[in-house]
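To start, the structure under review is shown below, and the notes come after it.
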Amino acid sequence: MGTRSITKVIETWNDEKTNKLKKQTLVCMYRQMDGYPSGMGNDLAEFLESGKIVNSISLGEKKRVFNGMGCLAAQMVAHFKDGAGGIYLYPINVKDVWQNYEYEIIQHNEEDIKLKIIEVGYINPKGKYCKGKKTLFYGTPQTFFNWLEQYEKVS
């Protein structure tokens, strides 16, 4: 049995009429195995670190670019999907596919993204299993690696 996860790419923007932050999930990717933070979390952080969000493509750019969150979502699926099985796409509003972890890639501002890791079902400090969700990490892909090192020491 694998450690299942889902990863959602979430685009955000300011609604000019209401001046409120709006968000839209663009893709929901399910991974059958290795969904824990040192597996999928690490793989996502490495993928996100390999590029940067831009709002147009420059011909001389040396680093991988994501021309907006839609481009990032498409490149993410292409990066992780290799043949049959393993990676699947689900409806963006899916709630429960027996996932152990949820990952959100969130557009923080026009040129910055954040990675959020949520544990689904967890052991509380008193040793009792809880059915809820607990955010384990929220930050940049660059800060994820230090967090993971500390997380693995206490887990």
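Residues are referred to by chain and number: the chain letter is A, B, ... according to the order shown in the structure tokens, the number counts from 1 in that chain, and ligands are numbered separately from 1 in the order shown.
Counting only C-alpha atoms, Tyr122 (chain A) has the following residues at most 12 Å away, ignoring those fewer than 3 positions along the same chain: Asn100, Tyr101, Ile118, Glu119, Pro125, Lys126, Gly127, Lys128, Tyr129, Cys130, Lys131, Gly132, Lys133, Lys134, Thr135, Leu136 and Ser155 of chain A.
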Surrounding residues of Gly39 (chain A) excluding itself and chain neighbours under 4 positions, 12 Å, only C-alpha atoms, as a PyMOL selection string:
chain A and resi 2-5+31-35+43-46+101+103+145+148+152
Written file, previous selection with C-alpha atoms, as a compact mmCIF listing (two decimals), in the first residue's frame:
```txt
# COMPACT_ATOMS: atom_id res chain seq x y z
CA GLY A 2 1.40 3.39 -0.97
CA THR A 3 1.44 6.74 0.76
CA ARG A 4 -1.04 8.64 -1.40
CA SER A 5 -1.06 12.38 -2.01
CA ARG A 31 0.23 10.35 -6.72
CA GLN A 32 -0.22 6.73 -5.72
CA MET A 33 3.06 6.22 -3.84
CA ASP A 34 5.80 8.17 -2.02
CA GLY A 35 3.39 10.96 -1.06
CA ASP A 43 10.19 16.20 -5.48
CA LEU A 44 7.85 19.20 -5.70
CA ALA A 45 10.30 21.57 -4.01
CA GLU A 46 13.08 20.47 -6.38
CA TYR A 101 -0.90 14.24 2.36
CA TYR A 103 0.21 19.67 -1.35
CA PHE A 145 14.63 21.72 2.58
CA LEU A 148 12.30 18.80 6.02
CA GLU A 152 12.61 14.18 9.86
```
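Take CA of Arg64 (chain A) and CA of Lys52 (chain A): the distance between them is 6.6 Å.
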Hey, what's within 8 Å of region 76-82 of chain A if we count only C-alpha atoms and toss same-chain stuff fewer than 4 positions away? As a ChimeraX atom specification, please?
/A:29,47,72,86-87
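Every residue of region 20-124 of chain A found in helix (DSSP H, G or I) when DSSP is run on the backbone appears here: Pro37, Ser38, Gly39, Met40, Gly41, Asn42, Asp43, Leu44, Ala45, Glu46, Phe47, Leu48, Glu49, Met69, Gly70, Cys71, Leu72, Ala73, Ala74, Gln75, Met76, Val77, Ala78, His79 and Phe80 of chain A.
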What residues in region 71-143 of chain A get the DSSP label strand (DSSP E or B)? Please answer as a ChimeraX atom specification.
/A:87-90,101-109,112-123,129-139
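In terms of minimum interatomic distance to Ala74 (chain A), A:Leu26 ranks closest within A:Ser50, A:Gln142, A:Leu26, A:Lys114, counting only C-alpha atoms.
Among the candidate residues A:Lys95, A:Tyr30, A:Met40, A:Glu110, the one lying nearest to Asn55 (chain A) is A:Glu110, with distances computed using only C-alpha atoms.
Here CA of Gly70 (chain A) and CA of Trp147 (chain A) stand 27.3 Å from one another.
Across A:Thr25, A:Thr12, A:Ser56, A:Thr7, the tightest approach to Ile117 (chain A) is made by A:Thr7 when counting only C-alpha atoms.
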Within 12 Å of Met69 (chain A), counting only C-alpha atoms, which residues show up once you throw out same-chain ones fewer than 5 positions away? Write them as a ChimeraX atom specification, please.
/A:8-13,23-27,48,51-55,74-76,105-114
